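protein10.txt (compact mmCIF, C-alpha atoms)
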```txt
# COMPACT_ATOMS: atom_id res chain seq x y z
CA MET A 91 0.00 0.00 0.00
CA SER A 92 1.43 3.38 -1.01
CA GLU A 93 2.07 6.13 1.51
CA LEU A 94 -0.55 8.37 -0.13
CA ARG A 95 -3.17 5.65 0.07
CA GLU A 96 -2.42 5.00 3.73
CA LYS A 97 -2.67 8.70 4.50
CA MET A 98 -5.96 9.00 2.63
CA ILE A 99 -7.50 6.04 4.47
CA ARG A 100 -6.35 7.54 7.77
CA GLU A 101 -7.94 10.91 6.92
CA MET A 102 -11.21 9.21 5.95
CA GLU A 103 -11.24 7.13 9.12
CA LEU A 104 -10.67 10.25 11.24
CA ARG A 105 -13.76 11.77 9.63
CA ASN A 106 -15.72 8.56 10.18
CA LEU A 107 -16.66 8.17 6.51
CA SER A 108 -18.66 5.06 5.66
CA ASN A 109 -17.01 2.09 3.93
CA ASN A 110 -18.92 2.81 0.73
CA THR A 111 -17.77 6.45 0.72
CA GLN A 112 -14.17 5.42 1.35
CA SER A 113 -14.28 2.93 -1.53
CA SER A 114 -15.77 5.58 -3.82
CA TYR A 115 -13.11 8.17 -2.93
CA LEU A 116 -10.26 5.68 -3.36
CA ALA A 117 -11.64 4.59 -6.73
CA ALA A 118 -11.78 8.22 -7.88
CA VAL A 119 -8.11 8.84 -7.09
CA SER A 120 -7.04 5.45 -8.42
CA GLY A 121 -8.82 6.10 -11.72
CA LEU A 122 -6.98 9.40 -12.17
CA ALA A 123 -3.61 7.80 -11.41
CA LYS A 124 -4.19 4.92 -13.82
CA HIS A 125 -5.31 7.29 -16.56
CA TYR A 126 -2.05 9.27 -16.48
CA ARG A 127 0.14 6.41 -15.16
CA GLN A 128 1.70 8.60 -12.53
CA PRO A 129 1.13 9.44 -8.86
CA PRO A 130 -2.02 11.57 -8.38
CA ASP A 131 -0.11 14.23 -6.42
CA LYS A 132 2.10 14.87 -9.47
CA VAL A 133 -0.64 15.89 -11.93
CA SER A 134 -1.65 19.46 -12.72
CA LYS A 135 -5.08 21.02 -12.33
CA GLU A 136 -5.45 21.15 -16.10
CA MET A 137 -4.76 17.40 -16.28
CA ILE A 138 -7.46 16.80 -13.64
CA GLU A 139 -9.99 18.83 -15.59
CA ASN A 140 -9.05 17.03 -18.83
CA TYR A 141 -9.59 13.71 -17.07
CA LEU A 142 -13.10 14.78 -16.04
CA LEU A 143 -13.86 15.81 -19.62
CA TYR A 144 -12.55 12.42 -20.76
CA LEU A 145 -15.00 10.69 -18.42
CA LYS A 146 -17.85 12.76 -19.84
CA GLN A 147 -17.04 12.93 -23.56
CA ASP A 148 -15.10 9.72 -24.25
CA LYS A 149 -16.42 7.26 -21.67
CA GLY A 150 -19.91 8.73 -21.51
CA ASN A 151 -20.17 8.58 -17.72
CA ALA A 152 -23.36 9.93 -16.19
CA PRO A 153 -23.27 13.33 -14.41
CA ASN A 154 -23.89 11.67 -11.02
CA SER A 155 -20.98 9.29 -11.61
CA ILE A 156 -18.63 12.14 -12.52
CA GLY A 157 -19.88 14.09 -9.51
CA SER A 158 -18.76 11.23 -7.26
CA VAL A 159 -15.29 11.37 -8.84
CA ILE A 160 -15.11 15.14 -8.28
CA THR A 161 -16.06 14.72 -4.61
CA GLY A 162 -13.40 12.06 -4.12
CA LEU A 163 -10.71 14.16 -5.80
CA ARG A 164 -11.66 17.22 -3.74
CA PHE A 165 -11.21 15.25 -0.55
CA PHE A 166 -7.84 13.89 -1.71
CA TYR A 167 -6.31 17.23 -2.74
CA THR A 168 -7.76 19.15 0.21
CA TYR A 169 -7.03 16.79 3.10
CA VAL A 170 -4.33 14.41 1.83
CA VAL A 171 -2.19 16.51 -0.52
CA GLY A 172 -3.03 19.74 1.28
CA ASP A 173 -3.30 21.81 -1.89
CA GLU A 174 -6.83 23.15 -2.42
CA HIS A 175 -5.66 24.83 -5.63
CA LEU A 176 -5.61 21.40 -7.30
CA SER A 177 -9.11 20.58 -6.06
CA PRO A 178 -11.52 20.54 -9.06
CA GLU A 179 -13.93 23.45 -8.97
CA CYS A 180 -16.19 22.33 -11.81
CA THR A 181 -19.61 20.79 -11.22
CA PHE A 182 -21.75 18.57 -13.40
CA SER A 183 -25.49 19.08 -13.26
CA LYS A 184 -27.44 16.09 -12.03
CA VAL A 185 -29.74 14.07 -14.25
CA PRO A 186 -33.38 15.13 -13.79
CA ARG A 187 -34.98 12.92 -11.19
CA LYS A 188 -37.38 10.38 -12.67
CA LEU A 189 -40.35 8.88 -10.91
CA PRO A 190 -39.64 5.40 -9.53
CA THR A 191 -41.28 2.36 -11.05
CA VAL A 192 -43.86 0.76 -8.79
CA LEU A 193 -45.35 -2.71 -9.25
CA SER A 194 -48.83 -3.79 -8.24
CA GLN A 195 -49.30 -6.05 -5.22
CA GLU A 196 -50.27 -8.87 -7.58
CA GLN A 197 -46.99 -8.49 -9.50
CA ILE A 198 -44.99 -8.37 -6.27
CA TRP A 199 -46.62 -11.57 -5.05
CA LYS A 200 -45.83 -13.35 -8.33
CA ILE A 201 -42.17 -12.34 -8.05
CA ILE A 202 -41.91 -13.46 -4.40
CA ASN A 203 -43.43 -16.85 -5.24
CA ALA A 204 -41.34 -17.40 -8.38
CA PRO A 205 -38.15 -18.88 -6.79
CA GLU A 206 -38.15 -22.56 -5.83
CA ASN A 207 -35.27 -21.91 -3.43
CA MET A 208 -36.62 -21.05 0.05
CA LYS A 209 -33.77 -18.63 0.85
CA HIS A 210 -34.28 -16.71 -2.38
CA ARG A 211 -38.01 -16.42 -1.68
CA LEU A 212 -37.34 -15.11 1.85
CA ILE A 213 -34.82 -12.55 0.56
CA LEU A 214 -37.42 -11.08 -1.81
CA MET A 215 -40.10 -11.18 0.87
CA ALA A 216 -37.86 -9.39 3.39
CA THR A 217 -36.90 -6.71 0.87
CA TYR A 218 -40.50 -5.85 0.02
CA SER A 219 -42.18 -6.36 3.40
CA ALA A 220 -39.70 -4.14 5.25
CA GLY A 221 -38.72 -1.71 2.47
CA LEU A 222 -35.05 -2.66 2.68
CA ARG A 223 -32.12 -1.70 0.49
CA ALA A 224 -30.02 -4.51 -1.00
CA GLY A 225 -27.15 -3.90 1.42
CA GLU A 226 -29.57 -3.96 4.35
CA VAL A 227 -31.02 -7.33 3.35
CA ILE A 228 -27.55 -8.78 2.97
CA ALA A 229 -26.54 -7.59 6.46
CA LEU A 230 -29.57 -9.04 8.30
CA ARG A 231 -28.86 -11.28 11.29
CA ALA A 232 -31.16 -13.28 13.56
CA GLU A 233 -30.78 -10.79 16.43
CA HIS A 234 -32.21 -8.04 14.20
CA ILE A 235 -35.62 -9.75 14.20
CA ASP A 236 -37.73 -8.47 17.10
CA SER A 237 -40.83 -10.70 17.06
CA THR A 238 -42.12 -9.22 20.34
CA ARG A 239 -42.51 -5.72 18.91
CA MET A 240 -42.82 -6.96 15.32
CA LEU A 241 -39.91 -4.85 14.15
CA ILE A 242 -36.70 -5.37 12.20
CA LYS A 243 -33.61 -3.45 13.27
CA VAL A 244 -31.54 -2.11 10.40
CA GLU A 245 -27.98 -1.50 11.54
CA ASN A 246 -25.60 0.82 9.73
CA GLY A 247 -28.03 1.72 6.95
CA LYS A 248 -27.40 4.46 4.42
CA GLY A 249 -25.41 7.24 6.04
CA GLY A 250 -24.33 4.87 8.81
CA LYS A 251 -27.68 5.24 10.61
CA ASP A 252 -29.66 2.61 12.50
CA ARG A 253 -33.46 2.43 12.29
CA TYR A 254 -36.40 0.13 12.84
CA THR A 255 -38.80 -1.02 10.15
CA LEU A 256 -41.77 -3.37 9.90
CA LEU A 257 -41.72 -7.12 10.56
CA SER A 258 -44.46 -8.78 8.55
CA GLU A 259 -46.43 -11.60 10.20
CA LYS A 260 -46.37 -13.59 6.95
CA PHE A 261 -42.63 -13.09 6.62
CA LEU A 262 -42.03 -14.06 10.27
CA LYS A 263 -43.98 -17.29 9.86
CA GLU A 264 -41.94 -18.37 6.85
CA LEU A 265 -38.72 -17.09 8.40
CA ARG A 266 -39.17 -19.40 11.41
CA HIS A 267 -39.57 -22.38 9.09
CA TYR A 268 -36.48 -21.28 7.12
CA TYR A 269 -34.46 -20.84 10.32
CA LYS A 270 -35.33 -24.33 11.60
CA THR A 271 -34.40 -25.79 8.23
CA TYR A 272 -31.09 -24.03 7.54
CA ARG A 273 -29.91 -22.86 11.00
CA PRO A 274 -27.88 -19.87 9.72
CA LYS A 275 -25.13 -19.03 12.23
CA HIS A 276 -24.23 -15.39 11.59
CA TRP A 277 -25.87 -13.87 8.55
CA LEU A 278 -29.56 -14.58 8.09
CA PHE A 279 -28.99 -15.14 4.37
CA PRO A 280 -25.38 -16.35 4.04
CA SER A 281 -23.58 -17.10 0.79
CA CYS A 282 -22.39 -20.57 -0.20
CA ARG A 283 -18.99 -19.70 1.26
CA LYS A 284 -19.09 -20.14 5.01
CA GLY A 285 -18.84 -17.00 7.13
CA THR A 286 -19.58 -14.55 4.32
CA PRO A 287 -22.80 -12.72 3.41
CA LEU A 288 -24.30 -12.65 -0.06
CA CYS A 289 -22.94 -10.01 -2.42
CA TYR A 290 -25.06 -7.37 -4.12
CA GLU A 291 -24.80 -9.06 -7.53
CA SER A 292 -26.19 -12.31 -6.12
CA VAL A 293 -29.22 -10.57 -4.61
CA ARG A 294 -29.79 -8.58 -7.80
CA ALA A 295 -29.64 -11.77 -9.87
CA ILE A 296 -32.16 -13.48 -7.55
CA TYR A 297 -34.63 -10.65 -8.12
CA GLU A 298 -34.15 -10.41 -11.88
CA LYS A 299 -34.48 -14.17 -12.35
CA ALA A 300 -37.67 -14.19 -10.26
CA ARG A 301 -39.09 -11.20 -12.17
CA GLU A 302 -38.44 -12.92 -15.49
CA LYS A 303 -39.97 -16.18 -14.30
CA ALA A 304 -43.03 -14.30 -12.99
CA GLY A 305 -43.51 -12.65 -16.38
CA VAL A 306 -43.26 -9.11 -14.99
CA ASN A 307 -41.76 -6.99 -17.76
CA LYS A 308 -41.25 -3.72 -15.87
CA GLY A 309 -39.53 -2.89 -12.59
CA ALA A 310 -35.89 -3.70 -13.32
CA GLY A 311 -33.68 -3.51 -10.25
CA LEU A 312 -34.20 -4.84 -6.71
CA HIS A 313 -34.89 -1.28 -5.50
CA THR A 314 -38.30 -1.58 -7.19
CA LEU A 315 -39.45 -3.67 -4.22
CA ARG A 316 -38.51 -0.84 -1.84
CA HIS A 317 -40.30 1.74 -3.99
CA SER A 318 -43.37 -0.47 -4.07
CA PHE A 319 -43.27 -0.92 -0.28
CA ALA A 320 -43.47 2.85 0.31
CA THR A 321 -46.12 3.45 -2.33
CA HIS A 322 -48.36 0.62 -1.16
CA LEU A 323 -48.19 1.91 2.43
CA LEU A 324 -49.15 5.37 1.21
CA GLU A 325 -52.07 3.96 -0.76
CA ALA A 326 -53.17 2.07 2.37
CA GLY A 327 -53.56 5.42 4.14
CA GLN A 328 -50.38 5.46 6.22
CA ASP A 329 -48.92 8.83 7.25
CA ILE A 330 -46.10 9.94 5.00
CA ARG A 331 -43.89 10.96 7.95
CA LYS A 332 -44.14 7.45 9.37
CA ILE A 333 -43.16 6.08 5.97
CA GLN A 334 -40.17 8.45 6.00
CA VAL A 335 -38.98 6.88 9.27
CA LEU A 336 -39.46 3.33 7.97
CA MET A 337 -37.54 4.13 4.79
CA GLY A 338 -34.71 5.85 6.66
CA HIS A 339 -34.97 9.04 4.60
CA ARG A 340 -33.20 12.06 6.08
CA LYS A 341 -35.46 14.51 4.24
CA LEU A 342 -39.22 14.35 3.87
CA SER A 343 -38.83 15.61 0.30
CA THR A 344 -37.27 12.26 -0.61
CA THR A 345 -40.35 10.41 0.63
CA ILE A 346 -42.84 12.82 -0.93
CA ILE A 347 -41.90 11.55 -4.40
CA TYR A 348 -44.13 8.53 -3.70
CA LEU A 349 -47.13 10.85 -3.71
CA HIS A 350 -46.46 11.29 -7.43
CA VAL A 351 -46.61 7.55 -8.16
CA SER A 352 -49.46 6.58 -5.85
CA ARG A 353 -52.41 5.82 -8.12
CA LEU A 354 -54.96 5.71 -5.32
CA THR A 355 -53.77 8.99 -3.82
CA LEU A 356 -53.91 10.79 -7.16
CA SER A 357 -57.21 9.21 -8.21
CA LYS A 358 -58.92 10.68 -5.13
CA ILE A 359 -58.18 14.23 -6.30
CA PRO A 360 -61.09 15.60 -8.36
CA SER A 361 -60.43 17.44 -11.57
CA PRO A 362 -61.40 21.16 -11.39
CA LEU A 363 -63.75 20.48 -14.31
CA ASP A 364 -65.70 18.05 -12.10
CA LEU A 365 -66.03 20.77 -9.46
CA PHE A 366 -68.04 22.78 -11.99
CA ASP A 367 -71.69 22.76 -10.83
CA PRO A 368 -74.20 24.31 -13.27
CA ASP A 369 -77.06 23.66 -10.82
CA ASN A 370 -75.63 26.32 -8.52
CA GLY A 371 -75.59 28.93 -11.24
CA THR A 372 -71.92 28.61 -12.13
CA ALA A 373 -72.67 28.02 -15.81
CA GLU A 374 -75.06 30.95 -16.08
CA LYS A 375 -72.64 33.34 -14.40
CA ARG A 376 -69.95 32.40 -16.84
CA GLU A 377 -72.28 32.94 -19.80
CA ASP A 378 -73.31 36.39 -18.44
CA SER A 379 -69.68 37.28 -18.03
CA ASP A 380 -68.94 36.30 -21.64
CA GLU A 381 -71.88 38.40 -22.92
CA SER A 382 -70.73 41.47 -20.98
CA LYS A 383 -67.36 41.24 -22.67
CA ASN A 384 -69.02 41.27 -26.05
```
Structure re-expressed in structure tokens:
Amino acid sequence: MSELREKMIREMELRNLSNNTQSSYLAAVSGLAKHYRQPPDKVSKEMIENYLLYLKQDKGNAPNSIGSVITGLRFFYTYVVGDEHLSPECTFSKVPRKLPTVLSQEQIWKIINAPENMKHRLILMATYSAGLRAGEVIALRAEHIDSTRMLIKVENGKGGKDRYTLLSEKFLKELRHYYKTYRPKHWLFPSCRKGTPLCYESVRAIYEKAREKAGVNKGAGLHTLRHSFATHLLEAGQDIRKIQVLMGHRKLSTTIIYLHVSRLTLSKIPSPLDLFDPDNGTAEKREDSDESKN
């Protein structure tokens, strides 16, 4: 391990950055060094900016992806090299936020029931029933299941925060059967290699294979189950602030996006045309108004 890398890891640890953030920052600096085949503290600011343009124009990286590289390089040159002059000042506008894809409850149930493997079925059921992220499902352990209060504890979620979310009665019933059958020792859903959890790619593949088998053409990506969890709760009449807590969102604005995809919530809003009541004289008043203008 190079001296620069060691120093960077130390600086990130001192600031208590998450493992994912540390990996992202290290990858940003490593990519720059590999591109120019020289130590990252030896390149000029112009070379850094040219590298960012290369990512955009030649490699076609998305603005969010380039933004992550910029953040990592800023940290490196500010806190590791100690030369803020080299820190990239440019910014790349984010891609307009699109509405998430939400599946119907019937489609979700088909996907959950598609796998023949019990563990795969329970992984999909846990993801949807508790609104979990892929990394949170992977990290589940037996002690996280609180059957007394019917809650699941999510440790070290996004942003390094802990939270509680829902424990479904249907999921708990099947989970008990699964636990008696497989007796997992550490991770609730371990990989084939002893002592290691499943990786993200394995969980993603489980979902995509189940979706294909269920004949559900839309909703690519495991995160669709989490989006559907929040939307279905909203459509069931649950308070949006409670959903925010269950999802682990720092800002309510992040949760509010589900108002835009909730069919039942939107369908309850009457069109202003339907508020038009000619029996109360609204039509006549408008006609009189039009005649006065003429």
Excluding Leu288 in chain A and residues on its chain fewer than 3 positions from it, collect all residues at most 6 Å away from it, counting all atoms listed in the file, and give them as an mmCIF file with C-alpha atoms, keeping the file's coordinate frame.
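File written: out-v2.cif
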```cif
data_model
loop_
_atom_site.group_PDB
_atom_site.id
_atom_site.type_symbol
_atom_site.label_atom_id
_atom_site.label_comp_id
_atom_site.auth_asym_id
_atom_site.auth_seq_id
_atom_site.Cartn_x
_atom_site.Cartn_y
_atom_site.Cartn_z
ATOM 1 C CA ILE A 228 -27.550 -8.780 2.970
ATOM 2 C CA PRO A 280 -25.380 -16.350 4.040
ATOM 3 C CA SER A 281 -23.580 -17.100 0.790
#
```
### Task
Write out as a list in words which residues come within 9 Å of Gln197 in chain A when counting all atoms listed in the file, dropping same-chain ones fewer than 3 positions away.
Leu193, Ser194, Lys200, Ile201, Ile202, Arg301, Ala304, Gly305 and Val306 of chain A
### Query
Do you have the CA of Ser318 in chain A-CA of Val192 in chain A distance handy?
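Here the two named atoms are 4.9 Å from each other.
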Please, what is the axis-aligned box for every listed atom of range 237-251 of chain A with 8 Å on each side, as centre and edge lengths in Å to one decimal, as JSON?
```
{"center_x": -33.6, "center_y": -1.7, "center_z": 12.4, "size_x": 34.5, "size_y": 33.9, "size_z": 31.9}
```
### Query
Of the candidates A:Arg283, A:Arg239, A:Arg211, A:His125, which shows the shortest atom-to-atom distance to Tyr144 in chain A, using only C-alpha atoms?
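Among the listed residues, the smallest separation from Tyr144 in chain A belongs to A:His125.
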### Task
Identify the residues within 12 Å of coordinate (-26.2, -11.4, -4.7) (same frame as the file), considering all atoms listed in the file, and give the answer as a PyMOL selection string.
chain A and resi 209-210+213-214+224-225+227-229+279-282+286-299+312
### Task
Between A:Gly162, A:Val133, A:Pro190, A:Ala310, single out the one closest to Leu349 in chain A, counting all atoms listed in the file.
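Among the listed residues, the smallest separation from Leu349 in chain A belongs to A:Pro190.
CA of Lys188 in chain A lies 20.0 Å from CA of Glu325 in chain A.
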### d(CA of Ile359 in chain A, CA of Thr345 in chain A) in Å
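One can read the CA of Ile359 in chain A to CA of Thr345 in chain A distance as 19.5 Å.
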